[in-house]
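**Q** Have a look at this one.
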Amino acid sequence: MTVYVDLLFGLNAVINYLLLRGSAVVGGCSVRSGRLLLGAVLGGIIGFYWASCRLLMAMAEDGILPERFRKHSVTILFIMGVSMIAPFFGRTALGWIVDISTIGAVIGFGYTSAAAWRTARSEGNKAVQ
């Protein structure tokens with residue numbers, strides 16, 4: 001996992017360096033700030049891509065997904081295929097998918113937080129109580 005985080009920060013640093021060369025001010029707004037924003041967005045996209053691949057691999061290791069998803073190359077190709085097909089669903093369908101995934105994330109994070117709180121309380125962790 002540390003290798004993925006190091007690679008993510010390294011790629012983000014390279015992207016920011018390449019985007020920040022030769023900055024100028026246009027209309028009172030710094031082109032540098034726009035390039036920084038673009039670098040941050042690209043870094044977030046790369047991070048999401050890596051996290052999705054790692055999530056699929058972990059699900060395959062737990063037996064939720066088929067065995068072939070244990071390979072990193074298979075997960076990258078799978079996510080690439082889904083990402084290339086998704087824009088053809090249209091804006092409305094993508095909006096529904098985002099809404100559903102947001103609700104799923106809230107439920108998942110809430111469940112994880114409740115489980116962590118309950119475990120800490122049962123172990124007598126004073127920082128939680």
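As shown in the structure tokens, the chain order sets the letters A, B, ...; within each chain, residues go from 1, and ligands are also counted from 1 in the order they appear.
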Give me the residues near Arg70 of chain A as a PDB file with C-alpha atoms, in the first residue's frame, where near means some atom within 8 Å (using only C-alpha atoms) and where sequence neighbours in that chain fewer than 4 positions away do not count.

**A**
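So the final result, stored in selection-v1.pdb, reads:
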ATOM      1  CA  LEU A  56     -11.128  -4.804  -6.470  1.00  0.00           C
ATOM      2  CA  MET A  57      -7.983  -6.767  -5.626  1.00  0.00           C
ATOM      3  CA  ALA A  58      -8.936  -6.868  -1.929  1.00  0.00           C
ATOM      4  CA  ALA A  60     -10.959 -10.825  -4.941  1.00  0.00           C
ATOM      5  CA  GLU A  61      -8.663 -11.871  -2.084  1.00  0.00           C
ATOM      6  CA  VAL A  74      -6.811  -7.240 -14.722  1.00  0.00           C
ATOM      7  CA  THR A  75      -8.224  -4.664 -12.323  1.00  0.00           C
TER       8      THR A  75
END

**Q** May I ask for the distance between atom CA of Arg54 of chain A and atom CA of Val82 of chain A, given in Å to one decimal place?

**A**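 Atom-to-atom, atom CA of Arg54 of chain A to atom CA of Val82 of chain A, that is 15.7 Å.
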
**Q** Go through segment 67-91 of chain A residue by residue and, counting only C-alpha atoms, keep those with an atom at most 12 Å from segment 96-108 of chain A; for each kept residue give the shortest atom pair and its distance in Å to one decimal, ordered by chain and increasing number, as a tab-separated table.

**A**
residue	atom	partner	partner_atom	distance
A:Ala86	CA	A:Ile97	CA	9.8
A:Pro87	CA	A:Ile97	CA	11.6
A:Phe89	CA	A:Ile97	CA	10.1
A:Gly90	CA	A:Trp96	CA	10.2
A:Arg91	CA	A:Trp96	CA	8.7

**Q** Atom CA of Thr112 of chain A to atom CA of Gly43 of chain A: how many Å, to one decimal?

**A**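 Computed distance, atom CA of Thr112 of chain A to atom CA of Gly43 of chain A, equals 26.1 Å.
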